[in-house]
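Okay, my_file.cif now, which holds mmCIF, C-alpha atoms:
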```
data_final
loop_
_atom_site.label_atom_id
_atom_site.label_comp_id
_atom_site.auth_asym_id
_atom_site.auth_seq_id
_atom_site.Cartn_x
_atom_site.Cartn_y
_atom_site.Cartn_z
CA MET A 1 -190.33 28.08 -11.22
CA ASP A 2 -189.55 31.62 -10.06
CA PRO A 3 -185.94 32.72 -10.30
CA LEU A 4 -185.23 32.09 -6.64
CA LYS A 5 -181.90 32.63 -4.99
CA ASN A 6 -181.08 29.09 -4.03
CA SER A 7 -182.35 25.56 -3.75
CA GLU A 8 -183.32 26.03 -0.08
CA GLU A 9 -185.77 28.77 -0.97
CA GLN A 10 -187.09 26.74 -3.89
CA LEU A 11 -187.67 23.79 -1.59
CA ASP A 12 -189.54 26.00 0.90
CA VAL A 13 -191.73 27.46 -1.84
CA LEU A 14 -192.53 24.00 -3.24
CA LEU A 15 -193.48 22.74 0.20
CA GLN A 16 -195.53 25.81 1.08
CA ARG A 17 -197.44 25.65 -2.20
CA TRP A 18 -198.06 21.97 -1.59
CA ALA A 19 -199.36 22.65 1.91
CA GLN A 20 -201.67 25.41 0.65
CA ALA A 21 -203.04 23.11 -2.06
CA GLN A 22 -204.20 20.52 0.45
CA PRO A 23 -207.99 20.66 0.64
CA ALA A 24 -209.33 22.26 3.81
CA LEU A 25 -212.13 20.67 5.77
CA PRO A 26 -215.46 22.08 4.52
CA ARG A 27 -216.97 24.63 6.94
CA GLU A 28 -219.95 22.50 7.90
CA GLU A 29 -217.75 19.42 8.52
CA ALA A 30 -215.42 21.54 10.62
CA ARG A 31 -218.37 22.69 12.74
CA GLN A 32 -219.55 19.13 13.22
CA LEU A 33 -216.06 17.99 14.12
CA ALA A 34 -215.67 20.83 16.64
CA ALA A 35 -218.99 19.86 18.23
CA GLN A 36 -217.87 16.19 18.41
CA ILE A 37 -214.59 17.21 20.03
CA ILE A 38 -216.26 19.36 22.68
CA LYS A 39 -218.75 16.58 23.43
CA ALA A 40 -215.97 13.99 23.70
CA ALA A 41 -213.92 16.25 25.97
CA ALA A 42 -216.91 16.66 28.30
CA GLU A 43 -217.39 12.91 28.72
CA PRO A 44 -215.98 11.50 31.94
CA VAL A 45 -212.65 9.74 31.65
CA VAL A 46 -213.11 6.05 32.44
CA PRO A 47 -209.99 4.10 33.37
CA VAL A 48 -209.40 1.33 30.88
CA VAL A 49 -209.77 -2.16 32.36
CA PRO A 50 -208.57 -4.94 30.07
CA ALA A 51 -211.47 -7.13 28.98
CA ASN A 52 -209.92 -10.35 30.23
CA ARG A 53 -209.54 -8.89 33.72
CA GLY A 54 -213.08 -7.75 34.15
CA TRP A 55 -213.19 -9.26 37.60
CA VAL A 56 -210.94 -6.54 38.92
CA ARG A 57 -213.46 -3.98 40.10
CA LEU A 58 -212.50 -0.36 40.29
CA VAL A 59 -213.77 -0.18 43.88
CA GLY A 60 -211.06 -1.48 46.10
CA TRP A 61 -208.83 -2.43 43.20
CA SER A 62 -205.72 -1.09 44.87
CA LEU A 63 -206.15 -3.37 47.89
CA THR A 64 -206.97 -6.42 45.76
CA THR A 65 -204.15 -5.93 43.30
CA GLY A 66 -201.77 -4.97 46.08
CA VAL A 67 -202.34 -8.27 47.91
CA VAL A 68 -202.17 -10.28 44.68
CA ALA A 69 -199.00 -8.51 43.61
CA LEU A 70 -197.37 -9.07 47.00
CA ALA A 71 -198.26 -12.78 46.94
CA ALA A 72 -197.01 -13.13 43.38
CA LEU A 73 -193.78 -11.33 44.27
CA MET A 74 -193.18 -13.64 47.23
CA VAL A 75 -193.78 -16.74 45.09
CA TYR A 76 -191.52 -15.32 42.40
CA LEU A 77 -188.73 -14.49 44.83
CA ARG A 78 -188.83 -17.98 46.34
CA SER A 79 -188.83 -19.76 43.00
CA SER A 80 -186.89 -17.37 40.84
CA PRO A 81 -183.95 -18.79 38.86
CA PRO A 82 -180.37 -17.65 39.40
CA LYS A 83 -179.94 -13.88 39.30
CA ALA A 84 -180.31 -12.16 35.97
CA ASP A 85 -177.44 -10.15 34.58
CA SER A 86 -177.02 -7.36 37.04
CA HIS A 87 -176.70 -3.69 36.18
CA ALA A 88 -173.01 -3.94 37.06
CA THR A 89 -172.48 -6.82 34.62
CA LEU A 90 -174.07 -4.91 31.77
CA THR A 91 -172.16 -1.78 32.72
CA ALA A 92 -168.93 -3.75 32.52
CA ALA A 93 -169.90 -5.32 29.18
CA ALA A 94 -170.69 -1.87 27.78
CA ALA A 95 -167.50 -0.30 29.11
CA PHE A 96 -165.92 2.41 27.03
CA PRO A 97 -162.92 0.93 25.16
CA LEU A 98 -160.74 3.97 25.68
CA GLN A 99 -157.40 2.38 24.89
CA HIS A 100 -158.69 0.72 21.74
CA VAL A 101 -160.35 3.90 20.46
CA THR A 102 -157.37 6.10 21.27
CA ALA A 103 -154.94 3.68 19.63
CA LEU A 104 -157.08 3.40 16.49
CA THR A 105 -157.49 7.16 16.15
CA LYS A 106 -153.80 7.76 16.76
CA GLU A 107 -152.72 5.20 14.21
CA PHE A 108 -155.08 6.36 11.48
CA GLU A 109 -154.26 10.02 12.06
CA ARG A 110 -150.61 9.06 11.52
CA LEU A 111 -151.39 7.09 8.37
CA PHE A 112 -153.66 9.75 6.87
CA ASP A 113 -151.68 12.80 7.86
CA ASN A 114 -154.17 14.11 10.47
CA ARG A 115 -157.05 14.19 7.99
CA ILE A 116 -159.39 11.82 9.81
CA HIS A 117 -162.86 13.36 9.81
CA TRP A 118 -164.49 10.47 11.59
CA LEU A 119 -163.71 6.87 12.38
CA ALA A 120 -165.98 3.99 13.23
CA ASP A 121 -165.38 0.50 14.52
CA ALA A 122 -168.72 -1.17 13.95
CA ASN A 123 -168.70 -4.79 15.05
CA ARG A 124 -165.00 -4.93 14.12
CA GLU A 125 -165.65 -3.38 10.73
CA LEU A 126 -163.42 -0.31 10.43
CA ILE A 127 -164.78 2.59 8.44
CA LEU A 128 -163.12 5.97 7.91
CA GLY A 129 -164.19 9.41 6.77
CA ILE A 130 -161.31 11.49 5.43
CA ASP A 131 -161.24 15.31 5.44
CA ASP A 132 -161.07 16.79 1.96
CA GLY A 133 -158.76 19.59 3.08
CA GLU A 134 -161.36 22.35 2.85
CA LEU A 135 -162.76 21.56 6.23
CA ALA A 136 -159.73 22.34 8.30
CA ASN A 137 -161.73 24.54 10.69
CA ARG A 138 -163.44 21.39 11.86
CA HIS A 139 -160.33 20.73 13.93
CA ALA A 140 -161.28 23.66 16.15
CA ARG A 141 -164.08 21.59 17.63
CA PRO A 142 -163.49 18.86 20.21
CA ARG A 143 -163.41 15.28 19.12
CA VAL A 144 -166.05 13.07 20.74
CA ALA A 145 -165.80 9.31 21.02
CA VAL A 146 -169.11 7.51 21.41
CA HIS A 147 -169.53 3.84 22.25
CA VAL A 148 -172.85 2.09 21.64
CA VAL A 149 -173.69 -1.46 22.71
CA VAL A 150 -176.97 -3.21 21.95
CA PHE A 151 -177.86 -6.14 24.22
CA ARG A 152 -180.52 -8.66 23.34
CA ARG A 153 -182.20 -11.52 25.13
CA ALA A 154 -185.28 -13.63 24.56
CA VAL A 155 -188.29 -12.49 26.57
CA GLY A 156 -188.22 -14.43 29.85
CA SER A 157 -184.51 -15.20 29.59
CA THR A 158 -182.13 -13.92 32.26
CA GLN A 159 -178.98 -13.57 30.18
CA TRP A 160 -178.25 -10.59 27.97
CA SER A 161 -175.88 -10.94 25.02
CA PRO A 162 -174.19 -8.04 23.26
CA THR A 163 -175.30 -8.19 19.63
CA TRP A 164 -173.92 -4.94 18.29
CA LYS A 165 -170.94 -2.87 19.41
CA THR A 166 -169.86 0.31 17.73
CA SER A 167 -167.35 2.99 18.59
CA VAL A 168 -167.40 6.22 16.62
CA VAL A 169 -164.95 9.10 16.84
CA MET A 170 -166.32 12.32 15.41
CA ARG A 171 -166.18 16.10 15.84
CA ASP A 172 -168.68 17.97 17.99
CA GLU A 173 -171.68 19.09 15.86
CA ASP A 174 -170.60 17.10 12.81
CA SER A 175 -172.97 14.65 11.26
CA VAL A 176 -171.60 11.45 9.82
CA GLN A 177 -173.22 8.82 7.68
CA ILE A 178 -171.68 5.39 7.96
CA ALA A 179 -172.37 2.56 5.53
CA LEU A 180 -172.26 -0.70 7.49
CA ALA A 181 -171.46 -3.25 4.81
CA LYS A 182 -171.73 -6.31 7.05
CA ASP A 183 -175.11 -5.22 8.40
CA HIS A 184 -176.35 -3.97 5.01
CA ALA A 185 -177.33 -0.82 6.85
CA GLN A 186 -176.72 2.92 7.18
CA LEU A 187 -176.00 4.67 10.44
CA ARG A 188 -176.37 8.44 10.63
CA LEU A 189 -175.01 10.12 13.74
CA TRP A 190 -174.84 13.63 15.06
CA ALA A 191 -173.21 14.61 18.34
CA HIS A 192 -173.48 17.85 20.25
CA ILE A 193 -171.72 18.65 23.52
CA LEU A 194 -173.93 20.46 26.03
CA PRO A 195 -172.59 23.08 28.45
CA ASP A 196 -173.15 20.65 31.34
CA ARG A 197 -170.64 18.18 29.82
CA ARG A 198 -173.22 15.80 28.49
CA VAL A 199 -173.35 14.83 24.86
CA VAL A 200 -176.56 14.63 22.86
CA LEU A 201 -176.49 11.95 20.22
CA ASP A 202 -179.08 11.67 17.47
CA SER A 203 -178.72 8.30 15.77
CA ASP A 204 -180.67 6.97 12.84
CA TYR A 205 -180.14 3.32 11.89
CA GLN A 206 -181.67 2.04 8.67
CA ARG A 207 -181.30 -1.33 7.01
CA ASP A 208 -180.82 -1.24 3.25
CA ASP A 209 -183.89 -3.44 2.81
CA GLU A 210 -185.85 -0.67 4.56
CA GLN A 211 -187.47 -3.25 6.84
CA THR A 212 -185.70 -1.94 9.93
CA SER A 213 -185.50 1.67 10.91
CA ALA A 214 -184.70 3.06 14.33
CA TRP A 215 -184.19 6.58 15.57
CA LEU A 216 -182.80 7.38 18.98
CA THR A 217 -181.98 10.64 20.71
CA SER A 218 -180.01 10.31 23.89
CA ALA A 219 -177.87 12.33 26.25
CA VAL A 220 -175.05 10.76 28.23
CA PRO A 221 -172.33 12.33 30.38
CA LEU A 222 -168.85 12.76 28.92
CA SER A 223 -167.41 10.49 31.54
CA GLN A 224 -166.87 7.12 29.85
CA ASN A 225 -169.51 5.69 32.18
CA PRO A 226 -172.04 3.73 30.14
CA GLU A 227 -175.73 4.44 30.66
CA MET A 228 -178.77 2.58 29.40
CA VAL A 229 -180.57 4.89 26.99
CA LEU A 230 -183.24 2.57 25.65
CA SER A 231 -185.04 -0.55 26.75
CA ALA A 232 -187.54 -2.08 24.36
CA VAL A 233 -189.37 -5.27 23.49
CA ASP A 234 -189.72 -6.28 19.88
CA GLY A 235 -191.73 -9.46 19.46
CA LYS A 236 -189.97 -12.30 21.25
CA ASP A 237 -186.83 -10.29 22.00
CA GLU A 238 -185.93 -7.64 24.53
CA PHE A 239 -183.31 -5.02 23.74
CA GLN A 240 -181.27 -2.59 25.75
CA VAL A 241 -179.10 0.11 24.22
CA TRP A 242 -176.19 1.40 26.29
CA GLN A 243 -174.08 4.39 25.43
CA SER A 244 -171.03 6.15 26.74
CA ALA A 245 -169.08 9.14 25.49
CA PHE A 246 -165.76 10.81 26.04
CA VAL A 247 -163.84 13.78 24.67
CA LEU A 248 -160.61 12.66 23.05
CA GLU A 249 -158.07 15.29 23.97
CA GLU A 250 -155.78 16.19 21.08
CA GLY A 251 -152.78 15.85 23.38
CA ALA A 252 -153.61 12.20 24.03
CA LEU A 253 -153.27 11.32 20.33
CA MET B 254 -216.77 37.16 20.40
CA ASN B 255 -214.50 36.04 17.50
CA GLU B 256 -212.43 39.18 17.87
CA ARG B 257 -211.13 38.14 21.27
CA SER B 258 -207.65 36.68 21.56
CA ASP B 259 -207.05 33.06 22.51
CA GLU B 260 -205.93 34.12 25.97
CA GLU B 261 -209.10 36.16 26.49
CA LEU B 262 -211.24 33.23 25.35
CA ILE B 263 -209.42 30.85 27.69
CA ALA B 264 -209.94 33.27 30.58
CA ALA B 265 -213.62 33.48 29.66
CA TYR B 266 -213.84 29.69 29.60
CA HIS B 267 -212.36 29.53 33.11
CA ARG B 268 -214.98 32.07 34.25
CA GLY B 269 -217.65 29.66 32.99
CA GLU B 270 -218.69 31.51 29.86
CA GLU B 271 -220.47 29.21 27.43
CA GLY B 272 -219.62 28.83 23.76
CA VAL B 273 -216.01 29.96 23.93
CA LEU B 274 -214.63 26.45 23.47
CA THR B 275 -216.41 26.20 20.13
CA VAL B 276 -214.75 29.42 18.99
CA LEU B 277 -211.33 28.24 20.14
CA VAL B 278 -211.64 24.81 18.49
CA GLU B 279 -213.03 26.17 15.22
CA ARG B 280 -210.31 28.83 15.12
CA HIS B 281 -207.47 26.30 15.32
CA LEU B 282 -209.02 23.19 13.80
CA GLY B 283 -207.76 23.94 10.29
CA ALA B 284 -204.16 24.63 11.31
CA VAL B 285 -203.88 21.66 13.67
CA GLY B 286 -205.60 19.37 11.14
CA ALA B 287 -203.17 20.51 8.43
CA TYR B 288 -200.21 19.89 10.73
CA CYS B 289 -201.43 16.38 11.57
CA GLN B 290 -201.94 15.70 7.86
CA GLN B 291 -198.40 16.90 7.12
CA LEU B 292 -196.98 14.61 9.80
CA THR B 293 -199.08 11.50 9.20
CA LEU B 294 -199.69 11.87 5.42
CA ASN B 295 -202.91 9.98 5.99
CA ARG B 296 -206.26 11.81 6.11
CA ASP B 297 -208.15 9.41 8.42
CA LYS B 298 -205.25 9.13 10.83
CA ALA B 299 -204.78 12.91 10.78
CA GLN B 300 -208.44 13.44 11.67
CA ASP B 301 -208.23 10.96 14.57
CA ILE B 302 -205.09 12.63 15.88
CA THR B 303 -206.61 16.10 15.50
CA GLN B 304 -209.63 15.05 17.56
CA GLU B 305 -207.45 13.44 20.22
CA THR B 306 -205.29 16.56 20.35
CA PHE B 307 -208.22 18.90 21.00
CA VAL B 308 -209.82 16.54 23.52
CA LYS B 309 -206.54 16.40 25.47
CA ALA B 310 -206.10 20.15 25.19
CA ILE B 311 -209.60 20.93 26.49
CA ARG B 312 -209.23 18.50 29.38
CA SER B 313 -205.94 20.07 30.39
CA LEU B 314 -206.80 23.67 29.63
CA ALA B 315 -206.31 24.50 33.29
CA THR B 316 -202.61 23.71 32.87
CA PHE B 317 -202.14 26.14 29.96
CA ARG B 318 -199.94 28.88 31.35
CA GLY B 319 -199.52 31.00 28.25
CA VAL B 320 -195.72 30.58 28.15
CA ALA B 321 -196.09 29.61 24.50
CA SER B 322 -199.00 30.67 22.30
CA PHE B 323 -202.14 28.53 22.40
CA ARG B 324 -201.46 27.38 18.83
CA THR B 325 -197.89 26.30 19.70
CA TRP B 326 -199.27 24.48 22.74
CA LEU B 327 -201.76 22.64 20.51
CA LEU B 328 -198.97 21.72 18.07
CA GLN B 329 -196.97 20.33 20.98
CA ILE B 330 -199.88 18.15 22.08
CA ALA B 331 -200.44 17.01 18.47
CA THR B 332 -196.73 16.13 18.18
CA ASN B 333 -196.96 14.03 21.35
CA VAL B 334 -200.10 12.27 20.13
CA VAL B 335 -198.41 11.43 16.81
CA ARG B 336 -195.33 10.19 18.67
CA ASP B 337 -197.43 8.03 20.99
CA SER B 338 -199.37 6.66 18.07
CA TRP B 339 -196.09 5.92 16.29
CA SER B 340 -194.59 4.14 19.29
CA ARG B 341 -197.72 2.07 19.88
CA GLY B 342 -196.57 -0.29 17.19
CA ARG B 343 -196.54 1.58 13.95
CA LYS B 344 -192.92 2.03 12.95
CA GLU B 345 -193.70 3.99 9.84
CA VAL B 346 -196.69 6.09 9.03
CA PRO B 347 -197.85 4.65 5.73
CA TYR B 348 -197.87 7.04 2.85
CA THR B 349 -201.27 7.04 1.17
CA ASP B 350 -202.02 9.01 -1.92
CA ASP B 351 -205.37 10.61 -1.17
CA GLY B 352 -205.24 12.19 -4.61
CA GLU B 353 -207.43 15.13 -3.68
CA LEU B 354 -205.26 18.13 -4.35
CA ALA B 355 -207.12 21.33 -4.98
CA HIS B 356 -206.58 22.10 -8.66
CA ARG B 357 -207.75 25.55 -9.58
CA GLY B 358 -208.80 25.38 -13.21
CA GLU B 359 -205.38 24.25 -14.42
CA SER B 360 -204.64 22.53 -17.72
CA PRO B 361 -204.45 18.69 -17.77
CA GLU B 362 -200.66 18.90 -18.18
CA GLN B 363 -200.38 21.22 -15.21
CA VAL B 364 -202.62 18.96 -13.14
CA ALA B 365 -200.43 15.97 -14.03
CA ILE B 366 -197.25 17.84 -13.07
CA GLU B 367 -198.81 18.99 -9.79
CA ALA B 368 -199.92 15.43 -9.01
CA GLU B 369 -196.42 14.13 -9.67
CA LEU B 370 -194.93 16.81 -7.44
CA ASP B 371 -197.51 16.09 -4.73
CA GLN B 372 -196.55 12.43 -4.82
CA ALA B 373 -192.84 13.23 -4.66
CA ILE B 374 -193.33 15.57 -1.69
CA GLN B 375 -195.42 13.02 0.20
CA MET B 376 -192.90 10.27 -0.55
CA GLY B 377 -190.07 12.52 0.60
CA LEU B 378 -191.83 13.41 3.85
CA SER B 379 -192.80 9.79 4.49
CA GLU B 380 -189.15 8.78 4.20
CA LEU B 381 -188.03 11.21 6.90
CA PRO B 382 -187.71 9.74 10.40
CA LEU B 383 -190.32 11.29 12.67
CA PRO B 384 -187.95 13.68 14.56
CA LEU B 385 -186.63 15.07 11.26
CA ARG B 386 -190.12 15.34 9.80
CA THR B 387 -191.47 17.09 12.89
CA ALA B 388 -188.65 19.65 12.98
CA PHE B 389 -188.90 20.28 9.25
CA VAL B 390 -192.70 20.63 9.12
CA LEU B 391 -192.83 22.85 12.21
CA THR B 392 -190.22 25.27 10.89
CA THR B 393 -190.94 25.25 7.15
CA LEU B 394 -194.70 24.81 7.03
CA GLN B 395 -195.93 25.94 10.43
CA GLY B 396 -193.58 28.91 10.69
CA LEU B 397 -192.21 28.17 14.16
CA THR B 398 -188.72 29.36 14.99
CA SER B 399 -185.99 26.81 15.72
CA GLN B 400 -186.03 27.95 19.36
CA GLN B 401 -189.79 27.35 19.60
CA VAL B 402 -189.36 23.88 18.11
CA ALA B 403 -186.49 23.16 20.51
CA ASP B 404 -188.72 24.18 23.46
CA LEU B 405 -191.56 22.09 22.09
CA GLU B 406 -189.36 19.04 21.55
CA GLY B 407 -187.42 19.50 24.77
CA CYS B 408 -184.02 19.52 23.11
CA THR B 409 -181.31 22.03 22.22
CA ILE B 410 -181.59 24.48 19.36
CA SER B 411 -178.51 22.89 17.78
CA THR B 412 -180.35 19.59 17.61
CA ILE B 413 -183.19 21.29 15.74
CA TYR B 414 -180.76 23.03 13.37
CA TRP B 415 -179.24 19.68 12.56
CA ARG B 416 -182.58 17.91 12.12
CA VAL B 417 -183.87 20.60 9.76
CA HIS B 418 -180.59 20.54 7.85
CA GLU B 419 -180.75 16.76 7.43
CA ALA B 420 -184.42 16.87 6.46
CA ARG B 421 -183.71 19.54 3.85
CA LYS B 422 -180.87 17.49 2.42
CA LEU B 423 -183.07 14.41 2.06
CA MET B 424 -186.03 16.37 0.67
CA LYS B 425 -183.83 18.14 -1.88
CA ARG B 426 -182.52 14.78 -3.02
CA ARG B 427 -186.09 13.52 -3.46
CA LEU B 428 -187.23 16.71 -5.25
CA GLN B 429 -184.12 17.36 -7.32
CA SER B 430 -186.10 17.29 -10.58
CA TRP B 431 -188.10 20.29 -9.39
CA ILE B 432 -185.21 22.27 -7.93
CA ARG B 433 -182.65 23.96 -10.13
#
```
As structure tokens:
Amino acid sequence: MDPLKNSEEQLDVLLQRWAQAQPALPREEARQLAAQIIKAAAEPVVPVVPANRGWVRLVGWSLTTGVVALAALMVYLRSSPPKADSHATLTAAAAFPLQHVTALTKEFERLFDNRIHWLADANRELILGIDDGELANRHARPRVAVHVVVFRRAVGSTQWSPTWKTSVVMRDEDSVQIALAKDHAQLRLWAHILPDRRVVLDSDYQRDDEQTSAWLTSAVPLSQNPEMVLSAVDGKDEFQVWQSAFVLEEGAL
Amino acid sequence: MNERSDEELIAAYHRGEEGVLTVLVERHLGAVGAYCQQLTLNRDKAQDITQETFVKAIRSLATFRGVASFRTWLLQIATNVVRDSWSRGRKEVPYTDDGELAHRGESPEQVAIEAELDQAIQMGLSELPLPLRTAFVLTTLQGLTSQQVADLEGCTISTIYWRVHEARKLMKRRLQSWIR
């Protein structure tokens, strides 16, 4: 290894050498591939019709499907079960626990002599990161409190249940890694306040068994108002992730 | 014809000149293919994604405004294709050891060391979540600036700084035996 200045440069050199050592596509294969690409690009784009719905012809499909959809909607509305959880209900269930978060931060700052780097209440599991004293300049940056709620319901069900609630207090532009003992998981978070008073949150959740891994980048206003940042279906379950964020003013602590 | 810039070739294509698409595709096929390989770590998948990238690019060439370079634009399309492929049900791109590194007349010991390093690098990259891997590969291996990657990913430059920082940290941990 060359006597390089630091490990960052060594890493770059290792990676660049590795990339250069990857075999290139032989010239003739590259030509063939280019020809295939140009041919494929010239072919007309045909809308995909699922095989089991072959009866829906492209000609007049909008009228046919429009009538069918309207009829189905009317039947559904007449026979639909009691209302599903409304947006307002979920908003309330995901409400930012300002008093709880402020009280926790205040109490732990008192106990640890204002050296709290970050603090997390993950499903009632309290986890702390303590400043080592050399990072005092961190206090120059605002402290952001982020609240994340994951709702789950079975596909077809009308009722959502909160399955995971976490509040994290951290400094703007800090990254924190939280070991969630109860969940056997790691949560890595990074928050960045935008000039328009929204906060970008990169979150990476990984189970220790490496079977579950989820990455989410979101942006929510710094207003305590929860917003849905992800809606997904995984097998038989539907999930919604709601987030809210707030700047904890030093004077309030 | 090969001496003309990408922008000149694209203008010629819009004027109806024949053969310029071939030049454009052949010019960038290697770089885009390498990028897809670095992201997917799977040769077959990389080739599929490379093809899909160029097909999409050619079909939407009329929308290319030249704000970014043609190569950056292609990398953006490739990134989106990888992301779509990822979200269509594959949570993790499987790491496959193709075992076809180009060894240039090295000794058996050197070949073994290189193979071990190759495996460690591929394992390290495969362990990075896609946003970290994309930011890291684009800046370190494709030579894009953090601002270019931020524009390409539609996020702030701070987000890219952080992603590259985290990716470096994880890669250094994986490659600590090779880094002093």
Proximity check chain B to chain A, 9 Å, nearest pairs one decimal Å, all atoms listed in the file, as a Markdown table:
```
| residue | atom | partner | partner_atom | distance |
| --- | --- | --- | --- | --- |
| B:Leu274 | CA | A:Ile38 | CA | 7.3 |
| B:Thr275 | CA | A:Ala34 | CA | 6.4 |
| B:Val276 | CA | A:Ala34 | CA | 9.0 |
| B:Val278 | CA | A:Ala34 | CA | 6.0 |
| B:Glu279 | CA | A:Ala34 | CA | 6.1 |
| B:Leu282 | CA | A:Ala30 | CA | 7.3 |
| B:Gly283 | CA | A:Ala24 | CA | 6.9 |
| B:Gly286 | CA | A:Leu25 | CA | 8.6 |
| B:Ala287 | CA | A:Ala19 | CA | 7.8 |
| B:Gln291 | CA | A:Ala19 | CA | 7.8 |
| B:Gln304 | CA | A:Ile37 | CA | 5.9 |
| B:Glu305 | CA | A:Ile37 | CA | 8.1 |
| B:Phe307 | CA | A:Ile37 | CA | 6.7 |
| B:Val308 | CA | A:Ala41 | CA | 4.8 |
| B:Lys309 | CA | A:Ala41 | CA | 7.4 |
| B:Ala310 | CA | A:Ala41 | CA | 8.8 |
| B:Ile311 | CA | A:Ala41 | CA | 6.4 |
| B:Arg312 | CA | A:Ala41 | CA | 6.2 |
| B:Lys344 | CA | A:Ser213 | CA | 7.7 |
| B:Glu345 | CA | A:Ser213 | CA | 8.6 |
| B:Glu353 | CA | A:Pro23 | CA | 7.0 |
| B:Leu354 | CA | A:Gln22 | CA | 5.5 |
| B:Ala355 | CA | A:Ala21 | CA | 5.3 |
| B:His356 | CA | A:Ala21 | CA | 7.6 |
| B:Glu367 | CA | A:Trp18 | CA | 8.8 |
| B:Leu370 | CA | A:Trp18 | CA | 8.4 |
| B:Asp371 | CA | A:Trp18 | CA | 6.7 |
| B:Ile374 | CA | A:Leu15 | CA | 7.4 |
| B:Pro382 | CA | A:Trp215 | CA | 7.0 |
| B:Leu383 | CA | A:Trp215 | CA | 8.3 |
| B:Pro384 | CA | A:Trp215 | CA | 8.1 |
| B:Thr393 | CA | A:Asp12 | CA | 6.4 |
| B:Leu394 | CA | A:Gln16 | CA | 6.1 |
| B:Cys408 | CA | A:Val200 | CA | 8.9 |
| B:Thr409 | CA | A:Leu194 | CA | 8.5 |
| B:Ser411 | CA | A:His192 | CA | 7.5 |
| B:Thr412 | CA | A:His192 | CA | 7.6 |
| B:Trp415 | CA | A:Trp190 | CA | 7.9 |
| B:Arg416 | CA | A:Asp202 | CA | 8.9 |
| B:Glu419 | CA | A:Ser175 | CA | 8.9 |
| B:Arg421 | CA | A:Glu8 | CA | 7.6 |
| B:Met424 | CA | A:Leu11 | CA | 7.9 |
| B:Lys425 | CA | A:Leu11 | CA | 6.8 |
| B:Leu428 | CA | A:Leu11 | CA | 8.0 |
| B:Trp431 | CA | A:Met1 | CA | 8.3 |
| B:Ile432 | CA | A:Ser7 | CA | 6.0 |
| B:Arg433 | CA | A:Ser7 | CA | 6.6 |
```
Suppose a student applies the PyMOL selection byres ((chain A and resi 148) around 9) to this structure; what residues should they get, written as a PyMOL selection string? chain A and resi 94+96+146-147+149-150+164-168+226+241-245
Run the PyMOL selection byres ((chain B and resi 292) around 12) mentally over the shown coordinates, then write out the matched residues as a PyMOL selection string, using the chain letters and numbers from the document. (chain A and resi 19) or (chain B and resi 285-291+293-296+298-300+302-303+328+331-336+338-339+345-348+375-391+394-395)
Atomic separation - CA of His100 (chain A) relative to CA of Ala181 (chain A), Å: 21.6 Å
Applied to this file, what does the PyMOL selection byres ((chain A and resi 153) around 12) return in terms of residues, put as an NGL selection string? :A and (84-85 or 150-152 or 154-163 or 231-240)
